[in-house]
2 protein chains.
Amino acid sequence: MKESWSAFDTFEPHFRPLVVIELAKNTKEETKEWLTQRIVDKKKNGGAQLLVKPLVKEDGGKIDGNQNLYLVGASHLRLLLGAETVGLVKQCNDNSMRTFTYSSRNTFKDFAEDNHDFLTMAECQYIIKHELENLRAKDERMIPGYPQAKLYPGKSILRRLLTSGILLQIFPLHDTEELKKLRYTWYGQVKISYQPLDEIRCYFGETIALYFGFLEYFTFALVPMALIGIPYYVFAWEDYDKYVMFASFNLLWSTVILEVWKRCCAIMTYRWGTLLMKRQFEEPRPGFHGVLGINAVTGKEEPVYSSIKRQIRIYLVSLPFVCLCLYFSLYVMMIYFELETWALDFHEENESSYSNLMLFVPSIIYAIVIEMMNRVYRYAAEFLTSWENHRLESSHQNHLILKVLVFNFLNCFASLFYIAFVLFDMKLLRQSLATLLITSQILNQFVEALLPYWLQKRHNTKVKKRVYSVKVDTDLSLFEQVNLEKEMGTYLGTFDDYLELFLQFGYVSLFSCVYPLAAVFAVLNNITEMYSDALKMCRVFKRPFSQPTANIGVWQLAFETMSVISVVTNCALIGLSPQVNALFPDSKTDLILIVVLAEHILLALKFVMAFVIPDKPRDIQIKLARLEFESLEALKQQQMKLAAESLKEETHGEKKMN
Amino acid sequence: MKESWSAFDTFEPHFRPLVVIELAKNTKEETKEWLTQRIVDKKKNGGAQLLVKPLVKEDGGKIDGNQNLYLVGASHLRLLLGAETVGLVKQCNDNSMRTFTYSSRNTFKDFAEDNHDFLTMAECQYIIKHELENLRAKDERMIPGYPQAKLYPGKSILRRLLTSGILLQIFPLHDTEELKKLRYTWYGQVKISYQPLDEIRCYFGETIALYFGFLEYFTFALVPMALIGIPYYVFAWEDYDKYVMFASFNLLWSTVILEVWKRCCAIMTYRWGTLLMKRQFEEPRPGFHGVLGINAVTGKEEPVYSSIKRQIRIYLVSLPFVCLCLYFSLYVMMIYFELETWALDFHEENESSYSNLMLFVPSIIYAIVIEMMNRVYRYAAEFLTSWENHRLESSHQNHLILKVLVFNFLNCFASLFYIAFVLFDMKLLRQSLATLLITSQILNQFVEALLPYWLQKRHNTKVKKRVYSVKVDTDLSLFEQVNLEKEMGTYLGTFDDYLELFLQFGYVSLFSCVYPLAAVFAVLNNITEMYSDALKMCRVFKRPFSQPTANIGVWQLAFETMSVISVVTNCALIGLSPQVNALFPDSKTDLILIVVLAEHILLALKFVMAFVIPDKPRDIQIKLARLEFESLEALKQQQMKLAAESLKEETHGEKKMN
């Protein structure tokens, strides 16, 4: 191991740029030198042992102003050692998945010393990002040249550079050839096929591939609901028994699809190797801070932060804050409904074009206020979650998602709940539901993908004009490519995409028996969504860093919770429907009791089904068990060897004594 | 490893009898010889490599009739190797828990070559049982002397001997000295203290110690409920608000105690080493049969049975059968209630001492029928679960428990549910609840422990008289001891003890707001139960084989389900109470809606609490993570070594080629 680290040189004849670092324009030379030195420095000196080059024009001409763009790469050997550090799992020659180690490299499939495609470009970029983020201060007290940017041993240097505004951004480069191929298989052809998930994973990483996998799976899963929903619209079925059947099917179906998704997800992530990556041994996230201590699990030195302190922050600060925000949001909604009735009254009293206009004012004000609240809350949630100081990126993400989710859920559905269960106005409910669903879908697709794509295209042409002569859609030089990509928007993660699906699932399932056509719109939307999201990923945004994940995390829980809530709402809606009420003309009590009973049975059924369907297919279970068995056997053997050695030493010592 | 197996002799100067094998009186000599030969035979010849001796009188005198009792022991070395085979986890010198291996024996705490107490006697007996049960047929086609007792390669010999009636029983011997000490610390002193759980575990094994641990924990957990319940009885509080408070406290409290139990259980079983024992790598249970194949996880040869076939048997045969039985049981209950009303009518029409007597007839008939049904059902459940052919003992047990549990739950509580929610008779409910709870507790203690104890004592005196001169309560010779113990009853496992606690939990929580005193009776019962169960274990039954377990298995789920059901019942009861009904004189609908809302909130709270409270304390989590990390690191290193070797061979081969 030690030999390998020192065996290779930092000089590599074929430098392949993977990641771009953009510093502020006015960064001091001293700082730049120090940073590049730290990046290039040997591992044993606390460096990252990567390759770094300033970006220069191809013709060797000086660029205007300061040099502030750097390209980071790494030698092939360095990347392989980095793959071991991040715990990458790869397929072996015997088709099993194993954690990659440099020494056992020859047992892995497709490995050859000269095969530079063993690691995908996304994996290489992930490794480089990981190494850069884990570049930690040694004895520096501050960033050279910036006395106000304090450092302490163990502090992530990149993090401090970012927070003090010296480092503007760090992003991976696109691979234009690969991207072209991917675009073609993904959305370039006009044919009906599954998405190329494995190719997406190779290019964008597991998190994004898993999102597209979920989107595809979810769309297919909605098809039966949509098909059943169509005749309700066509024949205008309004009988309660048909609604009951539809709702029951919906509720059980949503449980089945969520359980089966877990299995599909396990199959995919096993194939990708991320199912086996260990969460506990993840290194701390860059933003994690604390006094330097010993990690109890790995025995390595790293910042340590008391779990009790974190719990206190979560339960005594974050939780009350979230509750307060929820209360405030409900309060705003009540004001909106009051304004609405006031506007209606006003319109009825003095009918005029002015009062007609007044009718829209409350809705507009409410929409603006909600949007503002959403934004402010998002900032607050991000701040609070950072402040909670989670050790792992995954747990940080989960806490952030949970916070934002609850608030968005309330903002989206509170008014519908109010219409359904306080105003008892089913017609208004159906109307609001349809309006909300359809407008939000159209708006989303436009704002999310098409508008940025158009802006991007316009911008690209401008930049190219400025940088070079105009040669649109021909191959770009590296200099042009970096300058183009650095101006592109940053993809902020799958959060908003999942949120959109989550809210859609809410529209489809929460009030499904009032508006059976929702699933149809959802399916139609998702089909175009796949294309517009693909377009967004490939053409609008900077390439995002790959992020290994084994599942969709807290979203699984969110969807399952939604499906439980939808049992309650659907049963209540059926109980409220005039057709069902007509069946019990004398006794409301009986009606309610029957509805409650049916709800309890459905809930029990859901839980039994979730319990009975195994989360992982049998063959994956066996493969995981085998790996665990093997590792325990290996541990036993290691112990045996250690014991034998200690025995040998003992007898040796005794002999010497004699 | 190989050297160790052949290094020791089957002859051991200090033979310590651990396990007794009792054969049928008329067993053929040929069979006896074959069996003892197989037990003594070397491991490499397919034997168990244990020591075996016929039981003889101390004075060397011949015993009457055939020799049919054999003592089984093992050399110290053999036991240590067996400990490795069963995967025993022991504490190391650095206080971590690790799987024991013979080669690394010196790293374990308290290990010394001459320390024969390193393994507890219960562990030794468990190892011997395991080895005997895994004595499998090689090329024998039948048991010698019994052509009808067929064997095939891989079939457990002991299992076949048992099913063909040649082997009567196999049981571990008591250690009279240790037992005396244990009895003294457990229930010999008059002082208030915790039970000596670690000592119980050393003597009886983890399953039984965990039961007593749970019993103790559960009793402590009931104390707050009991304390709060007392004033309700003393001051005859009947206000609905007080009941609501009591019920809410109960419901949330029961969630907390069940979650906290998981943590306590993890702490205990980590200390005992069973938390780390791997379930997947358990060897198949002796009754498991199938064609010989390769285990996909361990790669060892063993019987293999298709999981799909098992699923089909479970869902297409067992499940419908259980449902049918439940329906039948409900049907019987309805008949009972009809008989009851008929007897009441009869009594009212022609009042006489005869008709007065007739009032009790339905109850008596119902009790007898229920008892009969329970017994028949138990047999059927055992047969079905065997037929389902589970590979692991634990999953066999879980399926059996689940089947019996559901049936017992219905039999016990169906009548109470009927009284509460069909007859709406709260007074009768309270009365029935109190009668059922108290009589069942008294009866149980009597039938379960005191009566057998008295019978046992009488019987012991008789046997001693027959075997030798009368010297009661003095030290017994081995011959006497074996003859006494073989006549003792067999402890059939913790099932009935847990079932009793489960039903008690039902009485306490399901209708807690009707009868707040239930917890008081439960606490009182459990305190005496501890003593009577201890008495039962130590004096009434044969010593049971130790059985390692990491948790209380399916009982955790059962208790949790009960606590969910009790939310529903308590809310319904409060909704039915006249005080609450008086609050809503006009509108029953509002009342029901409020009750349903409260129920949903309570259920949601329960789930959130169960989700938020971690199942394992943090330090145990860290210890487990560390072990996993270490074993993965070991696996990596092993892979590296293998790769290095294969590389060496390659280059070696290339050189030769040249």
# chains A, B, ... in the order shown; residues from 1 in each chain; ligands from 1

call {"tool": "interface_residues", "arguments": {"of": "chain A", "to": "chain B", "cutoff": "8 Å", "atoms": "only C-alpha atoms", "output": "VMD selection string"}}
result
chain A and resid 99 101 to 107 280 to 281 296 to 298 588 to 589 592 to 593 596 622 to 623 625 to 626 629 to 632 634 to 636 638 to 644

call {"tool": "residues_around", "arguments": {"residues": "Asp139 (chain B)", "least_positions_apart": "2", "cutoff": "9 Å", "atoms": "only C-alpha atoms", "output": "PyMOL selection string"}}
result
chain B and resi 137+141+151-153

call {"tool": "write_last_selection", "arguments": {"atoms": "all heavy atoms", "output": "PDB file, in the first residue's frame"}}
result
ATOM      1  N   ALA B 137     -26.385 -38.861   8.367  1.00  0.00           N
ATOM      2  CA  ALA B 137     -26.136 -40.149   7.727  1.00  0.00           C
ATOM      3  C   ALA B 137     -25.143 -39.987   6.585  1.00  0.00           C
ATOM      4  O   ALA B 137     -25.155 -38.966   5.900  1.00  0.00           O
ATOM      5  CB  ALA B 137     -27.445 -40.731   7.220  1.00  0.00           C
ATOM      6  N   ARG B 141     -28.306 -46.728   4.641  1.00  0.00           N
ATOM      7  CA  ARG B 141     -29.639 -46.638   4.018  1.00  0.00           C
ATOM      8  C   ARG B 141     -30.734 -46.731   5.073  1.00  0.00           C
ATOM      9  O   ARG B 141     -31.898 -46.459   4.786  1.00  0.00           O
ATOM     10  CB  ARG B 141     -29.839 -47.771   3.001  1.00  0.00           C
ATOM     11  CG  ARG B 141     -28.818 -47.779   1.896  1.00  0.00           C
ATOM     12  CD  ARG B 141     -29.493 -47.617   0.545  1.00  0.00           C
ATOM     13  NE  ARG B 141     -28.639 -46.801  -0.298  1.00  0.00           N
ATOM     14  CZ  ARG B 141     -29.039 -45.710  -0.931  1.00  0.00           C
ATOM     15  NH1 ARG B 141     -30.273 -45.291  -0.848  1.00  0.00           N
ATOM     16  NH2 ARG B 141     -28.204 -45.015  -1.684  1.00  0.00           N
ATOM     17  N   LEU B 151     -32.752 -44.070   6.115  1.00  0.00           N
ATOM     18  CA  LEU B 151     -31.825 -42.933   6.156  1.00  0.00           C
ATOM     19  C   LEU B 151     -31.391 -42.603   4.738  1.00  0.00           C
ATOM     20  O   LEU B 151     -31.429 -43.458   3.854  1.00  0.00           O
ATOM     21  CB  LEU B 151     -30.594 -43.285   6.988  1.00  0.00           C
ATOM     22  CG  LEU B 151     -30.762 -43.357   8.499  1.00  0.00           C
ATOM     23  CD1 LEU B 151     -29.466 -43.807   9.141  1.00  0.00           C
ATOM     24  CD2 LEU B 151     -31.149 -41.989   9.053  1.00  0.00           C
ATOM     25  N   TYR B 152     -31.006 -41.357   4.535  1.00  0.00           N
ATOM     26  CA  TYR B 152     -30.402 -40.981   3.252  1.00  0.00           C
ATOM     27  C   TYR B 152     -29.276 -40.002   3.557  1.00  0.00           C
ATOM     28  O   TYR B 152     -29.272 -39.388   4.629  1.00  0.00           O
ATOM     29  CB  TYR B 152     -31.435 -40.374   2.307  1.00  0.00           C
ATOM     30  CG  TYR B 152     -32.235 -39.252   2.903  1.00  0.00           C
ATOM     31  CD1 TYR B 152     -31.761 -37.951   2.871  1.00  0.00           C
ATOM     32  CD2 TYR B 152     -33.468 -39.485   3.515  1.00  0.00           C
ATOM     33  CE1 TYR B 152     -32.482 -36.928   3.445  1.00  0.00           C
ATOM     34  CE2 TYR B 152     -34.193 -38.468   4.091  1.00  0.00           C
ATOM     35  CZ  TYR B 152     -33.696 -37.193   4.046  1.00  0.00           C
ATOM     36  OH  TYR B 152     -34.401 -36.171   4.621  1.00  0.00           O
ATOM     37  N   PRO B 153     -28.319 -39.870   2.662  1.00  0.00           N
ATOM     38  CA  PRO B 153     -27.165 -39.019   2.967  1.00  0.00           C
ATOM     39  C   PRO B 153     -27.602 -37.619   3.389  1.00  0.00           C
ATOM     40  O   PRO B 153     -28.404 -36.985   2.693  1.00  0.00           O
ATOM     41  CB  PRO B 153     -26.393 -38.984   1.647  1.00  0.00           C
ATOM     42  CG  PRO B 153     -26.765 -40.228   0.955  1.00  0.00           C
ATOM     43  CD  PRO B 153     -28.181 -40.500   1.334  1.00  0.00           C
TER      44      PRO B 153
END

call {"tool": "select_by_dssp", "arguments": {"residues": "region 64-226 of chain B", "states": "strand (DSSP E or B)", "output": "MDAnalysis selection string"}}
result
chainID B and resid 69:73 89:92 97:99 108 136 142:143 146:150 156 167:172

call {"tool": "write_last_selection", "arguments": {"atoms": "C-alpha atoms", "output": "compact mmCIF listing (two decimals), in the first residue's frame"}}
result
# COMPACT_ATOMS: atom_id res chain seq x y z
CA LEU B 69 -28.99 -44.62 29.44
CA TYR B 70 -25.85 -43.09 28.06
CA LEU B 71 -23.87 -40.12 29.27
CA VAL B 72 -22.29 -37.87 26.68
CA GLY B 73 -19.36 -35.59 27.35
CA VAL B 89 -19.43 -14.92 20.61
CA LYS B 90 -17.25 -14.20 23.62
CA GLN B 91 -15.66 -11.18 25.21
CA CYS B 92 -12.09 -10.38 24.19
CA MET B 97 -17.26 -9.07 21.63
CA ARG B 98 -15.95 -11.37 18.93
CA THR B 99 -16.80 -14.69 17.38
CA PHE B 108 -10.32 -13.91 24.75
CA ARG B 136 -25.81 -36.89 9.63
CA MET B 142 -31.32 -47.37 7.36
CA ILE B 143 -30.66 -47.46 11.08
CA TYR B 146 -34.35 -51.21 12.12
CA PRO B 147 -34.86 -51.67 8.37
CA GLN B 148 -38.04 -49.59 8.46
CA ALA B 149 -36.14 -46.50 9.75
CA LYS B 150 -34.83 -45.21 6.43
CA SER B 156 -29.98 -36.08 10.80
CA LEU B 167 -34.42 -42.52 21.05
CA LEU B 168 -36.75 -41.55 23.87
CA GLN B 169 -35.16 -38.31 24.89
CA ILE B 170 -31.97 -36.38 25.16
CA PHE B 171 -31.48 -33.87 27.93
CA PRO B 172 -28.70 -31.95 29.67

call {"tool": "residues_around", "arguments": {"residues": "Leu50 (chain B)", "least_positions_apart": "5", "cutoff": "6 Å", "atoms": "only C-alpha atoms", "output": "PyMOL selection string"}}
result
chain B and resi 39-40+74

call {"tool": "write_last_selection", "arguments": {"atoms": "N, CA and C atoms", "output": "short mmCIF file (atom, residue, chain, number, x, y, z; two decimals), in the first residue's frame"}}
result
data_model
loop_
_atom_site.label_atom_id
_atom_site.label_comp_id
_atom_site.auth_asym_id
_atom_site.auth_seq_id
_atom_site.Cartn_x
_atom_site.Cartn_y
_atom_site.Cartn_z
N ILE B 39 -21.09 -41.55 17.44
CA ILE B 39 -20.89 -40.39 18.31
C ILE B 39 -19.40 -40.21 18.63
N VAL B 40 -18.72 -41.33 18.84
CA VAL B 40 -17.32 -41.27 19.24
C VAL B 40 -16.40 -41.03 18.04
N ALA B 74 -17.44 -34.45 26.47
CA ALA B 74 -16.48 -34.12 25.42
C ALA B 74 -15.22 -33.61 26.08
#

call {"tool": "atom_distance", "arguments": {"atom1": "CA of Gly575 (chain B)", "atom2": "CA of Phe421 (chain B)"}}
result
11.0 Å

call {"tool": "select_by_dssp", "arguments": {"residues": "region 89-299 of chain B", "states": "helix (DSSP H, G or I)", "output": "number ranges by chain"}}
result
B: 105-107, 121-133, 157-163, 176-188, 197-204, 206-234, 240-272, 274-276

call {"tool": "closest_residue", "arguments": {"among": "A:Glu393, A:Glu140, A:Glu216, A:Glu131", "to": "Pro548 (chain A)", "atoms": "only C-alpha atoms"}}
result
A:Glu393

call {"tool": "residues_around", "arguments": {"residues": "region 234-242 of chain A", "least_positions_apart": "6", "cutoff": "10 Å", "atoms": "only C-alpha atoms", "output": "ChimeraX atom specification"}}
result
/A:248,513-514,517,574-575,577-581,583

call {"tool": "write_last_selection", "arguments": {"atoms": "C-alpha atoms", "output": "PDB file, in the first residue's frame"}}
result
ATOM      1  CA  SER A 248     -59.895   0.690  -2.810  1.00  0.00           C
ATOM      2  CA  CYS A 513     -62.194   9.305  -5.825  1.00  0.00           C
ATOM      3  CA  VAL A 514     -63.191  12.906  -6.526  1.00  0.00           C
ATOM      4  CA  LEU A 517     -58.709  11.644 -14.248  1.00  0.00           C
ATOM      5  CA  ILE A 574     -66.559   8.590   0.152  1.00  0.00           C
ATOM      6  CA  GLY A 575     -68.307   9.041   3.479  1.00  0.00           C
ATOM      7  CA  SER A 577     -70.420  11.848  -0.959  1.00  0.00           C
ATOM      8  CA  PRO A 578     -74.180  12.460  -1.385  1.00  0.00           C
ATOM      9  CA  GLN A 579     -74.720   9.038  -2.991  1.00  0.00           C
ATOM     10  CA  VAL A 580     -73.387   7.235   0.081  1.00  0.00           C
ATOM     11  CA  ASN A 581     -75.248   9.593   2.364  1.00  0.00           C
ATOM     12  CA  LEU A 583     -77.957   5.127   1.484  1.00  0.00           C
TER      13      LEU A 583
END
